[in-house]
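A.B. asks: I'm passing along my_file.csv; it holds CSV, C-alpha atoms.
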```
chain,number,residue,atom,x,y,z
L,327,MET,CA,7.9,-4.1,-21.2
L,328,THR,CA,11.4,-2.7,-20.9
L,329,ALA,CA,10.2,0.5,-22.5
L,330,VAL,CA,7.3,0.8,-20.0
L,331,VAL,CA,9.7,0.3,-17.0
L,332,LEU,CA,12.2,2.8,-18.4
L,333,GLU,CA,9.4,5.3,-19.1
L,334,ASN,CA,8.3,5.1,-15.5
L,335,LEU,CA,11.8,5.4,-14.1
L,336,LEU,CA,12.2,8.7,-16.0
L,337,SER,CA,8.7,10.0,-15.1
L,338,PRO,CA,8.6,13.2,-12.9
L,339,ALA,CA,6.9,11.3,-10.0
L,340,VAL,CA,9.6,8.7,-9.7
L,341,LEU,CA,12.4,11.3,-10.2
L,342,PHE,CA,11.0,13.4,-7.4
L,343,PHE,CA,10.9,10.3,-5.2
L,344,LEU,CA,14.6,9.5,-6.1
L,345,LEU,CA,15.5,13.1,-5.4
L,346,GLY,CA,14.1,12.8,-1.9
L,347,MET,CA,16.0,9.5,-1.3
L,348,ALA,CA,19.2,11.0,-2.6
L,349,ALA,CA,18.8,14.1,-0.3
L,350,ALA,CA,18.3,11.8,2.7
L,351,VAL,CA,21.3,9.6,1.9
L,352,LEU,CA,23.5,12.7,1.4
L,353,ARG,CA,22.2,13.9,4.8
L,354,SER,CA,20.8,17.1,3.3
L,355,ASN,CA,18.5,19.2,5.5
L,356,LEU,CA,15.8,19.1,2.8
L,357,GLN,CA,12.5,18.6,4.4
L,358,LEU,CA,8.9,19.5,3.6
L,359,PRO,CA,7.0,21.4,6.3
L,360,VAL,CA,5.1,18.9,8.5
L,361,ASP,CA,1.8,20.7,7.8
L,362,LEU,CA,2.4,20.6,4.0
L,363,SER,CA,3.2,16.9,4.2
L,364,LYS,CA,-0.1,16.2,6.0
L,365,SER,CA,-2.0,18.4,3.7
L,366,LEU,CA,-0.7,16.5,0.6
L,367,THR,CA,-1.7,13.2,2.2
L,368,LEU,CA,-5.2,14.4,2.9
L,369,PHE,CA,-5.6,15.8,-0.6
L,370,LEU,CA,-4.5,12.5,-2.2
L,371,LEU,CA,-6.8,10.4,0.0
L,372,ILE,CA,-9.8,12.6,-0.8
L,373,ALA,CA,-9.0,12.7,-4.5
L,374,ILE,CA,-8.6,9.0,-4.9
L,375,GLY,CA,-11.7,8.2,-2.8
L,376,PHE,CA,-13.7,10.7,-4.8
L,377,LYS,CA,-12.5,9.4,-8.2
L,378,GLY,CA,-13.3,5.9,-7.1
L,379,GLY,CA,-16.8,6.9,-6.0
L,380,VAL,CA,-17.6,8.5,-9.3
L,381,ALA,CA,-16.5,5.4,-11.1
L,382,LEU,CA,-18.5,3.2,-8.7
L,383,ALA,CA,-21.6,5.3,-9.3
L,384,THR,CA,-21.2,4.8,-13.0
L,385,GLU,CA,-20.5,1.1,-13.0
L,386,GLY,CA,-21.9,-0.4,-9.8
L,387,LEU,CA,-20.7,-3.6,-8.2
L,388,ALA,CA,-20.8,-6.5,-10.7
L,389,GLY,CA,-20.2,-10.2,-10.0
L,390,THR,CA,-16.5,-9.9,-10.7
L,391,ALA,CA,-16.2,-7.1,-8.1
L,392,TRP,CA,-17.5,-9.4,-5.4
L,393,LEU,CA,-15.0,-12.1,-6.5
L,394,LEU,CA,-12.1,-9.6,-6.4
L,395,LEU,CA,-13.2,-8.5,-2.9
L,396,PHE,CA,-13.3,-12.2,-1.7
L,397,PHE,CA,-9.9,-13.0,-3.1
L,398,GLY,CA,-8.4,-9.7,-2.0
L,399,VAL,CA,-9.4,-10.4,1.6
L,400,LEU,CA,-8.1,-14.0,1.3
L,401,PHE,CA,-4.7,-12.6,0.0
L,402,SER,CA,-4.5,-10.2,2.9
L,403,PHE,CA,-5.0,-12.9,5.4
L,404,VAL,CA,-2.7,-15.6,3.8
L,405,MET,CA,0.3,-13.4,2.9
L,406,PRO,CA,1.4,-12.8,6.5
L,407,LEU,CA,1.5,-16.5,7.1
L,408,LEU,CA,3.8,-17.0,4.1
L,409,GLY,CA,5.8,-14.0,5.1
L,410,PHE,CA,6.3,-15.2,8.6
L,411,ALA,CA,7.7,-18.5,7.4
L,412,ALA,CA,10.0,-16.8,4.9
L,413,LEU,CA,11.3,-14.3,7.6
L,414,ARG,CA,12.1,-17.2,10.0
L,415,ARG,CA,14.1,-18.8,7.3
L,416,LEU,CA,15.9,-15.7,5.8
L,417,THR,CA,16.6,-13.8,9.0
L,418,ASN,CA,17.3,-14.2,12.7
L,419,LEU,CA,14.4,-12.1,13.8
L,420,ASN,CA,12.7,-13.3,16.9
L,421,PRO,CA,9.2,-14.8,16.3
L,422,GLU,CA,7.2,-11.7,17.6
L,423,ASP,CA,9.2,-9.3,15.4
L,424,ALA,CA,8.7,-11.6,12.4
L,425,ALA,CA,5.0,-11.7,13.0
L,426,VAL,CA,4.7,-7.9,13.1
L,427,VAL,CA,6.9,-7.5,9.9
L,428,ALA,CA,4.8,-10.2,8.1
L,429,ALA,CA,1.6,-8.4,8.9
L,430,HIS,CA,2.9,-5.4,7.0
L,431,TYR,CA,3.1,-7.5,3.9
L,432,GLY,CA,-0.5,-8.8,4.0
L,433,SER,CA,-2.0,-5.3,4.3
L,434,VAL,CA,-1.7,-2.6,1.6
L,435,SER,CA,-0.1,0.8,1.0
L,436,VAL,CA,-2.5,3.5,0.2
L,437,VAL,CA,0.3,5.6,-1.2
L,438,THR,CA,1.5,2.9,-3.6
L,439,PHE,CA,-2.1,2.5,-4.8
L,440,MET,CA,-2.3,6.3,-5.4
L,441,ALA,CA,0.9,6.2,-7.4
L,442,ALA,CA,-0.5,3.3,-9.5
L,443,VAL,CA,-3.8,5.2,-10.1
L,444,THR,CA,-1.8,8.2,-11.2
L,445,TYR,CA,0.4,6.1,-13.4
L,446,LEU,CA,-2.7,4.6,-15.1
L,447,GLN,CA,-4.1,8.1,-15.5
L,448,VAL,CA,-1.0,9.1,-17.5
L,449,GLN,CA,-1.5,6.0,-19.6
L,450,GLY,CA,-5.0,7.2,-20.4
L,451,LEU,CA,-6.7,4.4,-18.4
L,452,SER,CA,-9.4,4.6,-15.8
L,453,PHE,CA,-10.1,2.0,-13.0
L,454,SER,CA,-13.3,0.6,-11.5
L,455,GLY,CA,-14.7,2.3,-8.4
L,456,HIS,CA,-14.8,-1.0,-6.5
L,457,MET,CA,-11.0,-1.1,-6.5
L,458,VAL,CA,-11.0,1.6,-3.8
L,459,VAL,CA,-13.4,-0.6,-1.8
L,460,LEU,CA,-11.0,-3.5,-2.4
L,461,MET,CA,-8.1,-1.5,-1.1
L,462,VAL,CA,-9.9,-0.7,2.2
L,463,ALA,CA,-11.0,-4.3,2.6
L,464,MET,CA,-7.4,-5.5,2.2
L,465,GLU,CA,-6.2,-3.4,5.2
L,466,ILE,CA,-8.1,-5.5,7.8
L,467,PRO,CA,-7.4,-9.2,7.5
L,468,ALA,CA,-3.6,-8.8,7.7
L,469,VAL,CA,-3.9,-7.2,11.1
L,470,ILE,CA,-6.0,-10.2,12.3
L,471,SER,CA,-3.5,-12.6,10.8
L,472,GLY,CA,-0.6,-10.8,12.4
L,473,ILE,CA,-2.2,-10.8,15.8
L,474,TRP,CA,-2.9,-14.5,15.5
L,475,LEU,CA,0.7,-15.2,14.6
L,476,ALA,CA,1.9,-13.1,17.5
L,477,ARG,CA,-0.4,-14.9,19.9
L,478,ARG,CA,1.0,-18.2,18.8
L,479,VAL,CA,4.6,-17.2,19.5
L,480,LEU,CA,4.0,-14.8,22.4
L,481,PRO,CA,1.0,-16.3,24.3
L,482,LEU,CA,-1.2,-13.8,26.2
L,483,PRO,CA,-4.0,-14.4,28.7
L,484,ALA,CA,-7.1,-14.9,26.7
L,485,GLU,CA,-9.0,-11.9,28.1
L,486,SER,CA,-6.0,-9.6,27.6
L,487,ALA,CA,-5.4,-10.8,24.0
L,488,GLU,CA,-9.0,-10.4,23.0
L,489,ALA,CA,-9.1,-6.9,24.5
L,490,GLU,CA,-5.9,-5.9,22.6
L,491,LYS,CA,-7.3,-7.3,19.4
L,492,ASP,CA,-10.5,-5.4,19.7
L,493,HIS,CA,-8.6,-2.2,20.5
L,494,ALA,CA,-6.3,-2.7,17.5
L,495,LEU,CA,-9.3,-3.3,15.1
L,496,ALA,CA,-11.2,-0.4,16.6
L,497,GLY,CA,-8.2,1.8,15.9
L,498,LEU,CA,-8.1,0.5,12.4
L,499,PHE,CA,-11.7,1.5,11.6
L,500,SER,CA,-11.2,4.9,13.2
L,501,ASN,CA,-8.0,5.5,11.2
L,502,HIS,CA,-8.2,8.8,9.3
L,503,SER,CA,-7.1,7.1,6.0
L,504,VAL,CA,-10.0,4.6,6.1
L,505,ILE,CA,-12.5,7.3,7.1
L,506,LEU,CA,-11.3,9.8,4.4
L,507,LEU,CA,-11.2,7.1,1.7
L,508,LEU,CA,-14.7,5.7,2.4
L,509,GLY,CA,-16.2,9.1,3.0
L,510,SER,CA,-14.8,10.5,-0.2
L,511,LEU,CA,-15.9,7.4,-2.0
L,512,LEU,CA,-19.5,7.9,-0.8
L,513,ILE,CA,-19.4,11.6,-1.8
L,514,GLY,CA,-18.0,10.8,-5.2
L,515,ALA,CA,-20.7,8.2,-5.7
L,516,SER,CA,-23.5,10.6,-4.7
L,517,ALA,CA,-22.2,13.8,-6.4
L,518,GLN,CA,-24.1,14.8,-9.5
L,519,GLY,CA,-24.0,17.4,-12.3
L,520,VAL,CA,-22.2,20.7,-11.7
L,521,GLY,CA,-21.1,19.7,-8.2
L,522,ARG,CA,-19.3,16.7,-9.5
L,523,SER,CA,-17.6,18.5,-12.4
L,524,GLN,CA,-16.4,21.3,-10.0
L,525,LEU,CA,-14.9,18.8,-7.6
L,526,GLU,CA,-13.2,16.9,-10.4
L,527,GLU,CA,-11.5,20.1,-11.6
L,528,PHE,CA,-10.2,20.7,-8.0
L,529,LEU,CA,-9.4,17.1,-7.1
L,530,VAL,CA,-8.6,15.1,-10.2
L,531,THR,CA,-6.9,17.5,-12.5
L,532,PRO,CA,-4.0,18.5,-10.1
L,533,LEU,CA,-3.6,14.9,-8.9
L,534,TYR,CA,-0.3,14.2,-10.6
L,535,GLY,CA,1.4,17.4,-9.6
L,536,VAL,CA,0.4,16.9,-5.9
L,537,LEU,CA,1.6,13.3,-6.1
L,538,CYS,CA,5.1,14.5,-7.3
L,539,LEU,CA,5.4,16.7,-4.2
L,540,PHE,CA,4.2,13.9,-2.0
L,541,LEU,CA,6.7,11.4,-3.4
L,542,LEU,CA,9.5,13.9,-2.8
L,543,ASP,CA,8.5,13.9,0.9
L,544,MET,CA,8.2,10.1,0.9
L,545,GLY,CA,11.6,9.7,-0.7
L,546,ILE,CA,13.2,11.7,2.1
L,547,LYS,CA,11.5,9.6,4.7
L,548,ALA,CA,12.3,6.3,2.9
L,549,GLY,CA,16.0,7.3,2.6
L,550,ARG,CA,16.2,8.0,6.4
L,551,GLN,CA,14.6,4.6,7.2
L,552,LEU,CA,17.4,2.6,5.4
L,553,GLU,CA,19.7,2.9,8.4
L,554,THR,CA,17.4,0.7,10.5
L,555,LEU,CA,17.8,-2.3,8.2
L,556,ARG,CA,21.6,-2.8,8.7
L,557,SER,CA,21.0,-5.8,11.0
L,558,ASN,CA,19.7,-8.7,8.9
L,559,ALA,CA,20.1,-6.5,5.9
L,560,ARG,CA,20.6,-9.3,3.3
L,561,GLY,CA,17.6,-11.4,4.4
L,562,LEU,CA,15.3,-8.4,4.9
L,563,VAL,CA,16.1,-6.9,1.5
L,564,LEU,CA,15.6,-10.2,-0.2
L,565,PHE,CA,12.3,-10.5,1.6
L,566,GLY,CA,11.3,-6.9,0.8
L,567,LEU,CA,11.8,-7.5,-2.9
L,568,GLY,CA,10.6,-11.0,-3.1
L,569,MET,CA,7.2,-10.6,-1.4
L,570,PRO,CA,5.9,-7.9,-3.7
L,571,LEU,CA,6.9,-10.1,-6.8
L,572,ILE,CA,5.2,-13.2,-5.3
L,573,GLY,CA,2.0,-11.3,-4.2
L,574,GLY,CA,1.8,-9.1,-7.3
L,575,MET,CA,2.2,-11.8,-9.9
L,576,SER,CA,-0.2,-14.2,-8.1
L,577,ALA,CA,-2.8,-11.5,-7.9
L,578,LEU,CA,-2.2,-10.6,-11.6
L,579,LEU,CA,-2.7,-14.2,-12.7
L,580,LEU,CA,-5.9,-14.4,-10.6
L,581,GLY,CA,-7.2,-11.1,-11.9
L,582,THR,CA,-6.6,-12.2,-15.5
L,583,ALA,CA,-8.4,-15.5,-14.8
L,584,LEU,CA,-11.4,-13.5,-13.5
L,585,GLY,CA,-11.5,-11.5,-16.7
L,586,VAL,CA,-10.9,-8.0,-15.3
L,587,GLY,CA,-9.4,-5.2,-17.5
L,588,VAL,CA,-5.8,-4.0,-17.6
L,589,ALA,CA,-6.3,-1.2,-15.2
L,590,ASP,CA,-8.0,-3.2,-12.5
L,591,ALA,CA,-5.6,-6.2,-12.9
L,592,THR,CA,-2.7,-3.8,-12.5
L,593,LEU,CA,-4.2,-2.2,-9.4
L,594,PHE,CA,-5.0,-5.7,-7.9
L,595,ALA,CA,-1.4,-6.7,-8.4
L,596,VAL,CA,-0.1,-3.5,-6.9
L,597,LEU,CA,-2.3,-3.9,-3.8
L,598,ALA,CA,-1.1,-7.5,-3.3
L,599,ALA,CA,2.5,-6.3,-3.9
L,600,SER,CA,2.4,-3.4,-1.5
L,601,ALA,CA,3.2,-3.3,2.2
L,602,SER,CA,1.5,-1.1,4.9
L,603,TYR,CA,3.5,1.4,6.9
L,604,ILE,CA,0.6,3.4,8.4
L,605,VAL,CA,-2.4,1.2,9.5
L,606,VAL,CA,-0.5,-2.0,10.4
L,607,PRO,CA,2.2,-0.4,12.6
L,608,ALA,CA,-0.5,1.5,14.5
L,609,ALA,CA,-2.6,-1.6,15.1
L,610,MET,CA,0.3,-3.9,15.9
L,611,GLN,CA,1.9,-1.5,18.4
L,612,VAL,CA,-1.3,-2.0,20.4
L,613,ALA,CA,-1.5,-5.8,19.9
L,614,VAL,CA,2.2,-6.6,20.3
L,615,PRO,CA,3.7,-3.7,22.2
L,616,ASP,CA,7.0,-5.4,23.0
L,617,ALA,CA,7.9,-6.1,19.3
L,618,ASN,CA,10.2,-3.8,17.3
L,619,SER,CA,7.8,-2.2,15.0
L,620,GLU,CA,10.4,0.0,13.3
L,621,ILE,CA,11.7,-3.0,11.3
L,622,GLY,CA,8.5,-3.5,9.3
L,623,THR,CA,8.0,0.2,8.7
L,624,SER,CA,11.6,0.7,7.6
L,625,LEU,CA,11.5,-2.4,5.3
L,626,SER,CA,8.2,-1.4,3.7
L,627,MET,CA,9.2,2.2,3.3
L,628,GLY,CA,12.9,1.8,2.5
L,629,VAL,CA,12.8,-1.2,0.2
L,630,THR,CA,9.3,-2.3,-0.9
L,631,PHE,CA,7.8,1.1,-1.6
L,632,PRO,CA,10.7,2.3,-3.8
L,633,PHE,CA,10.7,-1.0,-5.7
L,634,ASN,CA,7.0,-0.7,-6.4
L,635,VAL,CA,7.0,2.9,-7.4
L,636,ALA,CA,10.1,2.7,-9.6
L,637,LEU,CA,9.7,-0.9,-11.1
L,638,GLY,CA,6.8,-2.8,-9.7
L,639,ILE,CA,3.9,-0.6,-11.1
L,640,PRO,CA,5.2,-0.5,-14.7
L,641,LEU,CA,6.2,-4.2,-14.4
L,642,PHE,CA,2.7,-5.3,-13.4
L,643,PHE,CA,1.1,-2.9,-15.9
L,644,GLY,CA,3.3,-4.3,-18.7
L,645,ALA,CA,2.5,-7.9,-17.7
L,646,ALA,CA,-1.2,-7.2,-17.5
L,647,SER,CA,-1.2,-5.6,-20.9
L,648,LEU,CA,0.6,-8.6,-22.4
L,649,MET,CA,-1.7,-11.1,-20.7
L,650,ILE,CA,-5.0,-9.4,-21.3
L,651,THR,CA,-4.6,-7.5,-24.6
L,652,GLY,CA,-1.7,-9.4,-26.1
```
Take the structure from the file and write it as structure tokens.

C.D. replies:
Amino acid sequence: MTAVVLENLLSPAVLFFLLGMAAAVLRSNLQLPVDLSKSLTLFLLIAIGFKGGVALATEGLAGTAWLLLFFGVLFSFVMPLLGFAALRRLTNLNPEDAAVVAAHYGSVSVVTFMAAVTYLQVQGLSFSGHMVVLMVAMEIPAVISGIWLARRVLPLPAESAEAEKDHALAGLFSNHSVILLLGSLLIGASAQGVGRSQLEEFLVTPLYGVLCLFLLDMGIKAGRQLETLRSNARGLVLFGLGMPLIGGMSALLLGTALGVGVADATLFAVLAASASYIVVPAAMQVAVPDANSEIGTSLSMGVTFPFNVALGIPLFFGAASLMITG
């Protein structure tokens, strides 16, 4: 497993990410153009969705897929509850801030998932199409759980709270990440023959190179977020490293018990280990406008995301390989 972790640390994708972080810490003016950054994001979302759709069309949804969806949704709802309790013990965050941060750690990071897919591709492994569906499904319950936690510690009038929850969930379903992933999934599932092969050449073949550029940009952003964590730094960093290990290893054990393959078990662990910094912040800003949403975003981007990209993904892959194939 040590060799797997070391190989990932020295991979071009991780080195590009570390280059971006180093540039930010050194206060370099290195920055990708905003339009290029958005374009890379759109490309990756479409490519992952299409790849998952092709796999889904080939394999369909088996009984194990439905079990994974059930447990994935359960994970997404329960993890914020555990995270909230841990944050109240480890930090002096006020209850509403703790609820918002905890919600980040029940939802998932699309970018971490994309990095894991690319990592598996380099290993010569393919994943099941329903893993993309699982990723989208795990975005939603954490928002509901986070809003429920916030309402407990920051009571709102019933009508107002219900309206804010509906607004937040409506924003979640209209989020461009969800639309692109599901839309590309459907296109990949329906594409046939020459059309499918032409799109695979355009979307799947250049996936790793595009990811390297994207991770350079993410490294710059993550490095700039570190400044926000100075207050409560010790407790927040411990939380930001501990939650992915707890979530990832729990999901890995469950996936192994369900009999899934190495690639799917790795992706399930990565999803449970990741933390949202796109969908949840947008939804929780509507539901809990007075909370400091920057804390959760900074922690997920500045601590948890680098940990998962550099160490978590190869760690979960190595553990899955040992547990499933021996």

A.B. asks: Anything within 10 Å of (-19.1, 6.9, -3.3): list those residues as number ranges by chain, counting only C-alpha atoms and sticking to the file's coordinates.

C.D. replies: L: 375-383, 455-456, 458-459, 507-517

A.B. asks: List every residue of region 594-646 of chain L that has an atom at most 9 Å from any atom of region 416-423 of chain L, giving for each one its closest atom pair and the distance in Å to one decimal, counting all atoms listed in the file, sorted by chain and then by ascending residue number, as JSON lines.

C.D. replies:
```
{"residue": "L:Val614", "atom": "CA", "partner": "L:Glu422", "partner_atom": "CA", "distance": 7.6}
{"residue": "L:Asp616", "atom": "CA", "partner": "L:Glu422", "partner_atom": "CA", "distance": 8.3}
{"residue": "L:Ala617", "atom": "CA", "partner": "L:Asp423", "partner_atom": "CA", "distance": 5.2}
{"residue": "L:Asn618", "atom": "CA", "partner": "L:Asp423", "partner_atom": "CA", "distance": 5.9}
{"residue": "L:Ser619", "atom": "CA", "partner": "L:Asp423", "partner_atom": "CA", "distance": 7.2}
{"residue": "L:Ile621", "atom": "CA", "partner": "L:Asp423", "partner_atom": "CA", "distance": 7.9}
{"residue": "L:Gly622", "atom": "CA", "partner": "L:Asp423", "partner_atom": "CA", "distance": 8.4}
```

A.B. asks: Excluding Thr438 (chain L) and residues on its chain fewer than 4 positions from it, collect all residues at most 10 Å away from it, counting all atoms listed in the file, and give them as a PDB file with C-alpha atoms, keeping the file's coordinate frame.

C.D. replies:
```
ATOM      1  CA  VAL L 434      -1.700  -2.600   1.600  1.00  0.00           C
ATOM      2  CA  ALA L 442      -0.500   3.300  -9.500  1.00  0.00           C
ATOM      3  CA  VAL L 443      -3.800   5.200 -10.100  1.00  0.00           C
ATOM      4  CA  THR L 444      -1.800   8.200 -11.200  1.00  0.00           C
ATOM      5  CA  LEU L 541       6.700  11.400  -3.400  1.00  0.00           C
ATOM      6  CA  LEU L 593      -4.200  -2.200  -9.400  1.00  0.00           C
ATOM      7  CA  VAL L 596      -0.100  -3.500  -6.900  1.00  0.00           C
ATOM      8  CA  LEU L 597      -2.300  -3.900  -3.800  1.00  0.00           C
ATOM      9  CA  ALA L 599       2.500  -6.300  -3.900  1.00  0.00           C
ATOM     10  CA  SER L 600       2.400  -3.400  -1.500  1.00  0.00           C
ATOM     11  CA  ALA L 601       3.200  -3.300   2.200  1.00  0.00           C
ATOM     12  CA  SER L 602       1.500  -1.100   4.900  1.00  0.00           C
ATOM     13  CA  THR L 630       9.300  -2.300  -0.900  1.00  0.00           C
ATOM     14  CA  PHE L 631       7.800   1.100  -1.600  1.00  0.00           C
ATOM     15  CA  PRO L 632      10.700   2.300  -3.800  1.00  0.00           C
ATOM     16  CA  ASN L 634       7.000  -0.700  -6.400  1.00  0.00           C
ATOM     17  CA  VAL L 635       7.000   2.900  -7.400  1.00  0.00           C
ATOM     18  CA  GLY L 638       6.800  -2.800  -9.700  1.00  0.00           C
ATOM     19  CA  ILE L 639       3.900  -0.600 -11.100  1.00  0.00           C
TER      20      ILE L 639
END
```

A.B. asks: Rank nothing, just name the residue among L:Ile466, L:Leu537, L:Ala645, L:Leu413 nearest to Gly568 (chain L), using only C-alpha atoms.

C.D. replies: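 Residue with the minimum atom-to-atom distance to Gly568 (chain L): L:Leu413.
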
A.B. asks: What does the structure give for the distance between CA of Gln551 (chain L) and CA of Glu620 (chain L), in Å to one decimal?

C.D. replies: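 A separation of 8.7 Å between them.
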
A.B. asks: Rounded to one decimal place, report the CA of Ile374 (chain L)-CA of Leu451 (chain L) distance in Å.

C.D. replies: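 These atoms are spaced 14.4 Å apart.
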
A.B. asks: Measure the distance from CA of Ser452 (chain L) to CA of Met627 (chain L) in Å and round it to one decimal.

C.D. replies: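 Atom-to-atom, CA of Ser452 (chain L) to CA of Met627 (chain L), that is 26.8 Å.
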
A.B. asks: From the options L:Leu460, L:Leu533, L:Met405, L:Ala559, which residue's atoms come nearest to Thr390 (chain L), counting all atoms listed in the file?

C.D. replies: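 Looking at the shortest contact to Thr390 (chain L), the residue is L:Leu460.
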
A.B. asks: Show me the residues around (15.7, 9.9, 0.1) - criterion: an atom at most 9 Å away, all atoms listed in the file counted - as a ChimeraX atom specification.

C.D. replies: /L:343-353,542-551,628

A.B. asks: Which is closer to Phe643 (chain L) than all the others in L:Phe540, L:Phe369, L:Phe401, L:Tyr445, using only C-alpha atoms?

C.D. replies: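 Looking at the shortest contact to Phe643 (chain L), the residue is L:Tyr445.
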